[in-house]
$ cat final18.txt   # compact mmCIF, C-alpha atoms
# COMPACT_ATOMS: atom_id res chain seq x y z
CA MET A 1166 82.52 215.33 155.72
CA ASN A 1167 81.13 216.02 152.32
CA LEU A 1168 77.54 214.83 151.98
CA LYS A 1169 77.65 214.40 148.23
CA LYS A 1170 80.80 212.33 148.47
CA GLN A 1171 79.22 210.15 151.17
CA PHE A 1172 76.14 209.67 149.02
CA MET A 1173 78.18 208.60 146.01
CA GLU A 1174 80.20 206.25 148.20
CA GLY A 1175 77.08 204.55 149.57
CA LEU A 1176 75.42 204.21 146.22
CA LEU A 1177 78.38 203.56 143.95
CA THR A 1178 82.07 203.71 144.79
CA GLN A 1179 81.77 202.09 148.23
CA ASN A 1180 78.49 200.27 147.67
CA PRO A 1181 78.12 197.81 150.56
CA VAL A 1182 77.03 194.90 148.36
CA LEU A 1183 78.69 195.46 145.00
CA VAL A 1184 82.03 196.92 146.10
CA GLN A 1185 82.56 196.01 149.76
CA VAL A 1186 80.81 192.66 149.13
CA LEU A 1187 79.23 192.63 152.60
CA GLY A 1188 75.98 191.06 153.75
CA MET A 1189 75.98 188.35 151.10
CA CYS A 1190 73.90 185.83 152.99
CA SER A 1191 70.76 187.92 153.19
CA THR A 1192 71.35 189.34 149.71
CA MET A 1193 71.22 185.85 148.19
CA ALA A 1194 68.42 184.54 150.30
CA ILE A 1195 65.72 187.16 150.30
CA THR A 1196 65.93 188.81 146.89
CA THR A 1197 63.17 186.70 145.36
CA SER A 1198 60.35 189.23 145.50
CA PHE A 1199 60.10 192.99 145.42
CA PHE A 1200 58.37 193.17 148.81
CA ASN A 1201 61.10 191.14 150.50
CA GLY A 1202 63.86 193.28 149.02
CA LEU A 1203 62.20 196.52 150.04
CA GLY A 1204 61.45 195.25 153.56
CA MET A 1205 64.93 193.90 154.15
CA GLY A 1206 66.53 197.02 152.67
CA VAL A 1207 64.54 199.36 154.87
CA ALA A 1208 65.10 197.18 157.96
CA VAL A 1209 68.86 197.27 157.41
CA LEU A 1210 68.78 201.00 156.65
CA VAL A 1211 66.94 201.75 159.91
CA ILE A 1212 69.12 199.49 162.05
CA LEU A 1213 72.32 200.70 160.41
CA THR A 1214 71.40 204.35 160.92
CA LEU A 1215 70.37 203.87 164.56
CA SER A 1216 73.42 201.82 165.46
CA ASN A 1217 75.69 204.27 163.62
CA ILE A 1218 74.23 207.19 165.60
CA ILE A 1219 74.56 205.47 168.97
CA ILE A 1220 78.05 204.17 168.32
CA ALA A 1221 79.23 207.57 167.11
CA ALA A 1222 77.64 209.19 170.17
CA ILE A 1223 79.37 206.89 172.64
CA ARG A 1224 82.57 206.36 170.67
CA LYS A 1225 84.64 208.42 173.12
CA ILE A 1226 83.67 206.22 176.07
CA ILE A 1227 83.96 202.88 174.28
CA PRO A 1228 87.26 201.32 175.40
CA ASP A 1229 89.28 200.24 172.40
CA LYS A 1230 89.84 196.71 173.69
CA ILE A 1231 86.17 195.76 173.93
CA ARG A 1232 84.76 197.89 171.12
CA ILE A 1233 83.57 194.94 169.00
CA ALA A 1234 81.66 193.50 171.95
CA MET A 1235 80.03 196.88 172.60
CA PHE A 1236 79.12 197.27 168.92
CA ILE A 1237 77.46 193.88 168.88
CA VAL A 1238 75.44 194.60 172.01
CA VAL A 1239 74.15 197.86 170.54
CA ILE A 1240 73.43 196.28 167.13
CA ALA A 1241 71.75 193.21 168.62
CA GLY A 1242 69.55 195.47 170.71
CA PHE A 1243 68.30 197.40 167.70
CA VAL A 1244 67.83 194.27 165.60
CA THR A 1245 65.74 192.61 168.28
CA MET A 1246 63.62 195.75 168.60
CA VAL A 1247 63.00 195.91 164.86
CA ASP A 1248 62.27 192.18 164.80
CA LEU A 1249 59.67 192.49 167.56
CA LEU A 1250 58.10 195.56 165.98
CA LEU A 1251 57.85 193.84 162.58
CA GLN A 1252 56.28 190.76 164.12
CA ALA A 1253 53.76 192.89 165.94
CA PHE A 1254 52.86 195.37 163.24
CA ILE A 1255 53.87 193.99 159.81
CA PRO A 1256 53.49 190.22 160.36
CA ALA A 1257 53.39 189.42 156.62
CA LEU A 1258 56.85 190.89 156.15
CA ALA A 1259 58.20 189.30 159.33
CA GLU A 1260 57.01 185.95 158.04
CA SER A 1261 58.54 186.19 154.61
CA LEU A 1262 61.89 187.52 155.86
CA GLY A 1263 61.89 184.93 158.62
CA VAL A 1264 65.24 184.26 160.20
CA PHE A 1265 67.01 186.90 158.13
CA ILE A 1266 65.85 189.71 160.40
CA PRO A 1267 67.57 188.29 163.52
CA LEU A 1268 70.56 187.54 161.30
CA ILE A 1269 71.01 191.26 160.61
CA VAL A 1270 72.93 191.21 163.92
CA VAL A 1271 75.78 189.46 162.18
CA ASN A 1272 75.32 191.25 158.88
CA CYS A 1273 78.80 192.56 158.14
CA ILE A 1274 77.48 195.81 156.69
CA ILE A 1275 76.43 197.03 160.12
CA LEU A 1276 79.45 195.85 162.07
CA GLY A 1277 81.65 196.97 159.18
CA ARG A 1278 80.27 200.50 159.22
CA ALA A 1279 80.48 200.63 163.03
CA GLU A 1280 84.14 199.66 162.98
CA GLY A 1281 85.07 201.46 159.77
CA PHE A 1282 83.07 204.64 160.03
CA SER A 1283 80.98 205.60 163.02
CA TYR A 1284 83.68 204.69 165.56
CA LYS A 1285 85.85 207.41 164.04
CA ASN A 1286 83.34 210.02 162.90
CA SER A 1287 80.80 212.47 164.29
CA VAL A 1288 77.17 211.61 165.01
CA ALA A 1289 75.90 213.67 162.06
CA ALA A 1290 78.31 212.11 159.58
CA SER A 1291 77.49 208.65 160.93
CA PHE A 1292 73.79 209.32 160.57
CA TRP A 1293 74.23 210.17 156.90
CA ASP A 1294 76.56 207.24 156.45
CA GLY A 1295 73.83 204.93 157.76
CA ILE A 1296 71.23 206.45 155.45
CA PHE A 1297 73.44 206.36 152.36
CA GLN A 1298 74.95 202.93 152.93
CA GLY A 1299 71.50 201.56 153.76
CA PHE A 1300 70.17 203.19 150.62
CA GLY A 1301 72.96 201.66 148.54
CA TYR A 1302 72.15 198.26 150.01
CA THR A 1303 68.43 198.68 149.34
CA VAL A 1304 68.98 199.76 145.74
CA VAL A 1305 71.10 196.68 145.00
CA LEU A 1306 68.58 194.38 146.72
CA LEU A 1307 65.75 195.87 144.69
CA ALA A 1308 67.72 195.53 141.47
CA MET A 1309 68.35 191.86 142.26
CA CYS A 1310 64.72 191.30 143.23
CA ILE A 1311 63.43 192.86 140.04
CA ILE A 1312 65.80 190.84 137.83
CA ARG A 1313 65.28 187.53 139.63
CA GLU A 1314 61.54 187.91 139.92
CA PHE A 1315 61.17 188.85 136.26
CA LEU A 1316 63.36 186.04 134.96
CA GLY A 1317 62.08 183.49 137.46
CA ASN A 1318 58.34 184.15 137.50
CA GLY A 1319 57.78 186.77 134.83
CA THR A 1320 56.34 189.19 137.40
CA PHE A 1321 57.10 192.63 138.77
CA GLY A 1322 56.42 193.88 142.29
CA GLY A 1323 55.79 190.49 143.92
CA GLY A 1324 54.36 190.61 147.42
CA LEU A 1325 53.14 194.15 146.95
CA LEU A 1326 51.34 194.74 143.64
CA GLY A 1327 48.94 192.78 141.47
CA ILE A 1328 46.26 190.22 142.38
CA ASP A 1329 46.79 188.75 145.89
CA GLY A 1330 50.16 190.50 145.92
CA LYS A 1331 51.49 187.98 143.41
CA GLY A 1332 52.96 190.75 141.30
CA ILE A 1333 52.10 192.06 137.86
CA GLN A 1334 52.52 189.32 135.28
CA ILE A 1335 54.64 190.72 132.46
CA ILE A 1336 55.43 187.51 130.63
CA PRO A 1337 53.49 184.25 131.25
CA ALA A 1338 54.77 182.32 134.26
CA GLU A 1339 55.50 179.27 132.07
CA PHE A 1340 58.39 181.17 130.49
CA GLY A 1341 59.99 181.79 133.87
CA ILE A 1342 63.40 180.27 134.53
CA GLY A 1343 62.73 178.52 137.84
CA VAL A 1344 66.39 178.40 138.77
CA MET A 1345 66.52 182.19 139.06
CA THR A 1346 64.43 182.08 142.22
CA LEU A 1347 66.79 179.54 143.79
CA PRO A 1348 70.08 180.55 145.47
CA VAL A 1349 71.91 179.63 142.25
CA GLY A 1350 70.05 182.40 140.46
CA GLY A 1351 71.04 184.77 143.26
CA PHE A 1352 74.71 184.02 142.69
CA LEU A 1353 74.37 184.47 138.94
CA VAL A 1354 72.60 187.82 139.18
CA LEU A 1355 74.93 189.11 141.88
CA GLY A 1356 77.98 188.04 139.88
CA VAL A 1357 76.76 189.88 136.82
CA LEU A 1358 75.92 192.99 138.86
CA ILE A 1359 79.32 193.04 140.57
CA ALA A 1360 81.06 192.60 137.23
CA ALA A 1361 79.05 195.43 135.69
CA MET A 1362 79.82 197.67 138.67
CA GLN A 1363 83.55 196.96 138.55
CA TRP A 1364 83.58 197.59 134.82
CA ALA A 1365 81.78 200.91 135.25
CA LEU A 1366 84.04 201.98 138.13
CA ALA A 1367 87.20 201.03 136.24
CA LYS A 1368 85.98 202.91 133.21
CA THR A 1369 85.24 206.14 135.09
CA LYS A 1370 88.66 206.04 136.75
CA LYS A 1371 90.47 206.10 133.44
CA MET B 386 102.51 191.22 176.65
CA LYS B 387 102.13 194.14 178.98
CA LYS B 388 100.23 193.32 182.11
CA MET B 389 96.83 194.96 182.19
CA ASP B 390 96.08 197.37 184.95
CA PRO B 391 93.38 195.83 187.20
CA LYS B 392 91.65 199.19 187.31
CA TYR B 393 91.40 199.16 183.53
CA ILE B 394 89.94 195.65 183.57
CA ILE B 395 87.30 196.77 186.05
CA GLU B 396 86.51 199.78 183.89
CA LEU B 397 86.02 197.52 180.85
CA THR B 398 83.76 195.17 182.79
CA LEU B 399 81.65 197.96 184.18
CA LYS B 400 81.23 199.68 180.82
CA LEU B 401 80.20 196.47 179.08
CA CYS B 402 77.82 195.60 181.90
CA ALA B 403 76.26 199.05 181.82
CA THR B 404 75.73 198.86 178.06
CA CYS B 405 74.13 195.44 178.34
CA LEU B 406 71.84 196.62 181.13
CA ILE B 407 70.68 199.68 179.19
CA VAL B 408 70.02 197.65 176.05
CA ALA B 409 68.23 194.94 178.02
CA GLY B 410 66.05 197.56 179.70
CA LEU B 411 65.08 199.08 176.35
CA LEU B 412 64.30 195.65 174.95
CA GLY B 413 62.08 194.98 177.91
CA VAL B 414 60.06 198.09 177.09
CA VAL B 415 59.74 197.18 173.40
CA ASN B 416 58.78 193.63 174.33
CA LYS B 417 56.08 194.90 176.66
CA VAL B 418 54.59 197.02 173.89
CA THR B 419 54.71 194.34 171.19
CA ALA B 420 54.03 191.13 173.14
CA PRO B 421 50.19 191.35 173.22
CA ASN B 422 50.11 192.07 169.47
CA ILE B 423 52.45 189.21 168.61
CA LEU B 424 50.48 186.83 170.80
CA ALA B 425 47.19 187.82 169.16
CA ILE B 426 48.66 187.46 165.66
CA ASN B 427 50.08 184.02 166.42
CA LYS B 428 46.81 182.92 167.93
CA ALA B 429 44.84 184.11 164.90
CA LYS B 430 47.29 182.31 162.62
CA THR B 431 46.98 179.04 164.53
CA GLU B 432 43.21 179.36 164.58
CA ALA B 433 43.08 179.94 160.82
CA ALA B 434 45.31 176.90 160.26
CA MET B 435 43.05 174.77 162.45
CA LYS B 436 39.90 176.01 160.70
CA ALA B 437 41.42 174.88 157.42
CA VAL B 438 41.69 171.27 158.54
CA VAL B 439 38.45 170.57 160.41
CA ALA B 440 35.30 169.16 158.80
CA ASP B 441 33.03 171.98 159.96
CA PRO B 442 35.13 175.16 160.15
CA ASP B 443 32.23 177.54 160.85
CA ASN B 444 30.96 175.78 163.98
CA SER B 445 34.20 174.45 165.41
CA THR B 446 35.75 175.83 168.53
CA PHE B 447 39.26 175.08 169.67
CA SER B 448 40.67 174.50 173.13
CA ASP B 449 43.82 176.07 174.48
CA PRO B 450 46.93 174.02 173.69
CA LEU B 451 46.69 170.64 175.45
CA ALA B 452 49.51 169.38 177.63
CA LEU B 453 51.69 167.01 175.64
CA THR B 454 52.35 163.71 177.37
CA ASP B 455 55.48 161.59 176.84
CA GLU B 456 53.23 158.98 175.29
CA MET B 457 51.98 161.41 172.67
CA THR B 458 55.44 162.67 171.72
CA ALA B 459 56.77 159.12 171.56
CA ALA B 460 53.90 158.10 169.28
CA ALA B 461 54.63 161.02 166.96
CA GLN B 462 58.32 160.07 166.84
CA ALA B 463 57.40 156.50 165.99
CA GLY B 464 55.14 157.79 163.22
CA GLY B 465 57.94 159.81 161.65
CA GLY B 466 57.35 163.35 162.88
CA SER B 467 57.29 165.36 166.06
CA LEU B 468 54.30 166.78 167.85
CA VAL B 469 54.45 170.54 168.39
CA GLU B 470 51.00 171.43 169.66
CA ALA B 471 47.70 169.65 170.19
CA TYR B 472 44.23 171.19 170.41
CA ALA B 473 40.87 169.63 171.14
CA VAL B 474 38.15 170.45 168.61
CA GLN B 475 34.53 170.86 169.65
CA VAL B 476 31.45 171.34 167.48
CA GLY B 477 28.46 172.68 169.37
CA GLY B 478 29.91 171.58 172.70
CA ALA B 479 30.53 167.98 171.60
CA ASP B 480 34.02 166.59 171.19
CA ALA B 481 34.89 166.42 167.51
CA GLY B 482 38.47 165.23 167.50
CA TYR B 483 41.77 167.04 167.50
CA ALA B 484 43.91 169.45 165.55
CA LEU B 485 47.57 168.51 165.80
CA LYS B 486 50.52 170.64 164.79
CA ILE B 487 53.26 168.33 163.52
CA ASP B 488 56.83 168.85 162.33
CA ALA B 489 58.24 166.46 159.74
CA SER B 490 61.32 166.73 157.59
CA GLY B 491 60.91 167.63 153.94
CA SER B 492 63.55 167.97 151.28
CA GLN B 493 64.94 171.34 152.42
CA GLY B 494 64.06 171.48 156.08
CA ILE B 495 61.21 171.10 158.49
CA ILE B 496 57.63 171.11 157.21
CA THR B 497 55.23 172.29 159.90
CA MET B 498 51.68 171.16 159.23
CA MET B 499 48.31 171.13 160.90
CA VAL B 500 46.44 167.84 160.75
CA GLY B 501 42.76 167.65 161.72
CA LEU B 502 41.30 164.40 163.00
CA ASP B 503 37.67 163.63 163.77
CA ALA B 504 36.42 161.83 166.89
CA ASP B 505 36.90 158.46 165.17
CA GLY B 506 40.54 159.20 164.41
CA ALA B 507 40.08 159.78 160.66
CA VAL B 508 41.88 162.68 158.99
CA THR B 509 39.64 165.68 158.26
CA GLY B 510 42.27 167.82 156.60
CA VAL B 511 45.95 168.63 156.24
CA SER B 512 47.43 172.06 155.70
CA VAL B 513 51.00 173.25 155.71
CA VAL B 514 51.75 176.06 158.13
CA LYS B 515 55.42 176.67 157.44
CA HIS B 516 58.03 175.11 155.18
CA SER B 517 61.20 175.81 153.24
CA GLU B 518 60.68 173.47 150.29
CA THR B 519 62.06 174.27 146.86
CA ALA B 520 60.05 176.93 145.05
CA GLY B 521 58.23 175.53 142.04
CA ILE B 522 58.84 171.88 143.01
CA GLY B 523 58.24 171.08 146.66
CA THR B 524 55.92 174.07 146.96
CA LYS B 525 53.45 172.21 144.73
CA VAL B 526 52.93 169.76 147.56
CA MET B 527 52.70 172.57 150.14
CA GLY B 528 50.10 174.34 147.98
CA ASN B 529 47.94 171.22 147.64
CA GLU B 530 48.28 170.91 143.87
CA PRO B 531 47.05 167.75 142.10
CA ASN B 532 49.25 164.66 142.44
CA ASN B 533 49.98 162.26 139.58
CA LYS B 534 46.47 160.78 139.97
CA GLY B 535 44.92 164.24 139.61
CA VAL B 536 43.81 164.49 143.26
CA PRO B 537 44.96 167.51 145.31
CA VAL B 538 47.92 166.02 147.13
CA LEU B 539 46.97 167.08 150.66
CA ASP B 540 43.29 166.26 150.21
CA GLN B 541 44.03 162.60 149.49
CA PHE B 542 44.68 162.14 153.22
CA ILE B 543 41.10 163.09 154.13
CA GLY B 544 39.28 160.07 155.51
CA LYS B 545 42.45 158.07 156.12
CA SER B 546 42.67 156.58 159.58
CA ALA B 547 44.77 154.14 161.57
CA ALA B 548 42.73 151.38 159.89
CA ASP B 549 44.56 152.14 156.62
CA GLY B 550 47.83 151.10 158.23
CA VAL B 551 51.03 153.09 157.82
CA LEU B 552 50.70 155.47 154.90
CA ASN B 553 53.38 155.15 152.28
CA VAL B 554 54.11 157.12 149.13
CA GLY B 555 53.79 154.67 146.25
CA SER B 556 51.40 152.24 147.90
CA ASN B 557 48.49 154.10 149.47
CA VAL B 558 49.61 157.71 148.92
CA ASP B 559 50.32 159.32 145.55
CA ALA B 560 53.11 161.85 145.29
CA ILE B 561 53.58 164.78 142.94
CA THR B 562 56.11 163.82 140.29
CA GLY B 563 59.46 165.44 141.01
CA ALA B 564 58.47 166.30 144.56
CA THR B 565 58.62 162.85 146.08
CA VAL B 566 60.64 163.88 149.11
CA SER B 567 58.25 166.70 149.98
CA SER B 568 55.30 164.35 149.49
CA LYS B 569 56.97 161.82 151.77
CA GLY B 570 57.55 164.50 154.39
CA VAL B 571 53.86 165.37 154.48
CA THR B 572 52.96 161.66 154.60
CA ALA B 573 55.28 161.13 157.57
CA GLY B 574 53.56 164.02 159.33
CA VAL B 575 50.12 162.48 158.77
CA ASN B 576 51.39 159.11 160.01
CA ALA B 577 52.67 160.84 163.13
CA ALA B 578 49.29 162.55 163.63
CA LEU B 579 47.44 159.24 163.29
CA ALA B 580 49.79 157.65 165.81
CA VAL B 581 49.23 160.50 168.26
CA ALA B 582 45.47 160.28 167.79
CA GLY B 583 45.79 156.57 168.53
CA VAL B 584 47.20 157.15 171.99
CA MET B 585 44.93 160.13 172.73
CA GLY B 586 41.81 158.03 172.12
$ encode --input "final18.txt" --output "structure tokens"
Amino acid sequence: MNLKKQFMEGLLTQNPVLVQVLGMCSTMAITTSFFNGLGMGVAVLVILTLSNIIIAAIRKIIPDKIRIAMFIVVIAGFVTMVDLLLQAFIPALAESLGVFIPLIVVNCIILGRAEGFSYKNSVAASFWDGIFQGFGYTVVLLAMCIIREFLGNGTFGGGLLGIDGKGIQIIPAEFGIGVMTLPVGGFLVLGVLIAAMQWALAKTKK
Amino acid sequence: MKKMDPKYIIELTLKLCATCLIVAGLLGVVNKVTAPNILAINKAKTEAAMKAVVADPDNSTFSDPLALTDEMTAAAQAGGGSLVEAYAVQVGGADAGYALKIDASGSQGIITMMVGLDADGAVTGVSVVKHSETAGIGTKVMGNEPNNKGVPVLDQFIGKSAADGVLNVGSNVDAITGATVSSKGVTAGVNAALAVAGVMG
């Protein structure tokens, strides 16, 4: 497998959020502050990479008929581990991501990559697939966080930078469009991003 | 459909079982490592929430969670919430009331709050532990912002007791405009706490 091609697929042509349109639930729900987006992105990246490696490593002994069940067991194991570790060592992040960490188990990105990629490819290729797809996911989350946070609250870097981690105020909070921090705003931003991505991809193909 | 070979079925079962066992074993190890930390963090969080609602935070000590009786849970239900945890508060060795963790429904889901009560059953403080209210609207109530009378919305409960009767938004409780449902949720929680305090004595 060609690393550069895999990287471009993860980030652009096969981007898990904008092109494969996977993992929508968490994408809508948690992209309200920079810290959340980064935390969720990294959590998915780590779990995706680990589960990709294990599934690729045991792919020869996974019977075809029960492969989905085996995938889910492996994925659920990693998710629970990450959940426990976050709760124990980064409680602030565990609190703000809440139920969306356990829900990574059913995040289609991870099951999708297990079924679509690591079940058919080598451990090394699956490792890079996990990194690149996770990276693509993180980049989109961060883009959504930055847009929604700026339009909604007028801040940048919420949860991480600024006074009390409230973010750096760029425009006064009174000018914020409150609806952008609600799920409606998530749909709007995601719609615009997907449209822009499709336009760019269609243009480069020509 | 072709009949499956029994040997194959056994192979499938064994492989799935083995995977589950390995994963469960690993989880056990991770749990062992993280459990003390998680417990300590949760305890610190609960303690901080309780300190926020008692009259004398610096000198108060808190008991371990008290056993919840059917009477207490029934009283909370009748008051409009449900009792999650109850702690006895002591100041300098003397009983100084209770801190009750109560769930009540808000506009978007459950609001979990800590309500402090003194030995006479009057509210010493209310603070929200966990909620999923609408950002910018319901969160005003959760963050104790001023209500339409200019009083911080959660602080208006301080001093209320069973003698004030059932608390109601509009009559003896003032809501935040636009966040009536969230205000009502908190009020229901305080009613539940007062009812529980009533049966605890």
$ closest_residue --input "final18.txt" --among "A:Val1305, A:Ser1287, A:Ile1342, A:Glu1280" --to "Asp1229 of chain A" --atoms "all atoms listed in the file"
A:Glu1280
$ residues_around --input "final18.txt" --residues "segment 564-578 of chain B" --least-positions-apart "6" --cutoff "7 Å" --atoms "only C-alpha atoms" --output "JSON, numbers by chain"
{"B": [460, 461, 462, 464, 465, 466, 485, 487, 488, 489, 490, 491, 492, 500, 522, 523, 526, 551, 552, 553, 554]}
$ closest_residue --input "final18.txt" --among "B:Ala507, B:Ala440, B:Met498, B:Leu451" --to "Val476 of chain B" --atoms "all atoms listed in the file"
B:Ala440
$ residues_around --input "final18.txt" --residues "segment 428-438 of chain B" --least-positions-apart "5" --cutoff "7 Å" --atoms "only C-alpha atoms" --output "PyMOL selection string"
chain B and resi 484+499-501+509-512+514
$ closest_residue --input "final18.txt" --among "A:Ala1234, A:Ile1223, A:Ile1218, A:Val1186" --to "Thr398 of chain B" --atoms "only C-alpha atoms"
A:Ala1234
$ closest_residue --input "final18.txt" --among "A:Val1207, A:Leu1168, A:Thr1178, A:Leu1250" --to "chain B" --atoms "only C-alpha atoms"
A:Leu1250
$ residues_around --input "final18.txt" --residues "segment 399-407 of chain B" --least-positions-apart "2" --cutoff "8 Å" --atoms "all atoms listed in the file" --output "PyMOL selection string"
(chain A and resi 1227+1231+1234-1235+1238-1239) or (chain B and resi 395-397+409-411)
$ interface_residues --input "final18.txt" --of "chain A" --to "chain B" --cutoff "10 Å" --atoms "all atoms listed in the file" --output "ChimeraX atom specification"
/A:1226-1232,1234-1236,1238-1243,1245-1247,1249-1254,1256,1260,1317-1318,1343-1344,1346-1347
$ residues_around --input "final18.txt" --residues "Lys534 of chain B" --least-positions-apart "6" --cutoff "12 Å" --atoms "only C-alpha atoms" --output "count of residues only"
8
$ atom_distance --input "final18.txt" --atom1 "atom CA of Gly482 of chain B" --atom2 "atom CA of Met457 of chain B"
15.0 Å
$ atom_distance --input "final18.txt" --atom1 "atom CA of Thr1369 of chain A" --atom2 "atom CA of Arg1278 of chain A"
25.3 Å
$ atom_distance --input "final18.txt" --atom1 "atom CA of Gly1323 of chain A" --atom2 "atom CA of Ala1259 of chain A"
15.6 Å
$ residues_around --input "final18.txt" --residues "Leu1316 of chain A" --least-positions-apart "6" --cutoff "12 Å" --atoms "all atoms listed in the file" --output "number ranges by chain"
A: 1197-1198, 1309-1310, 1334-1347, 1350-1351, 1353-1354
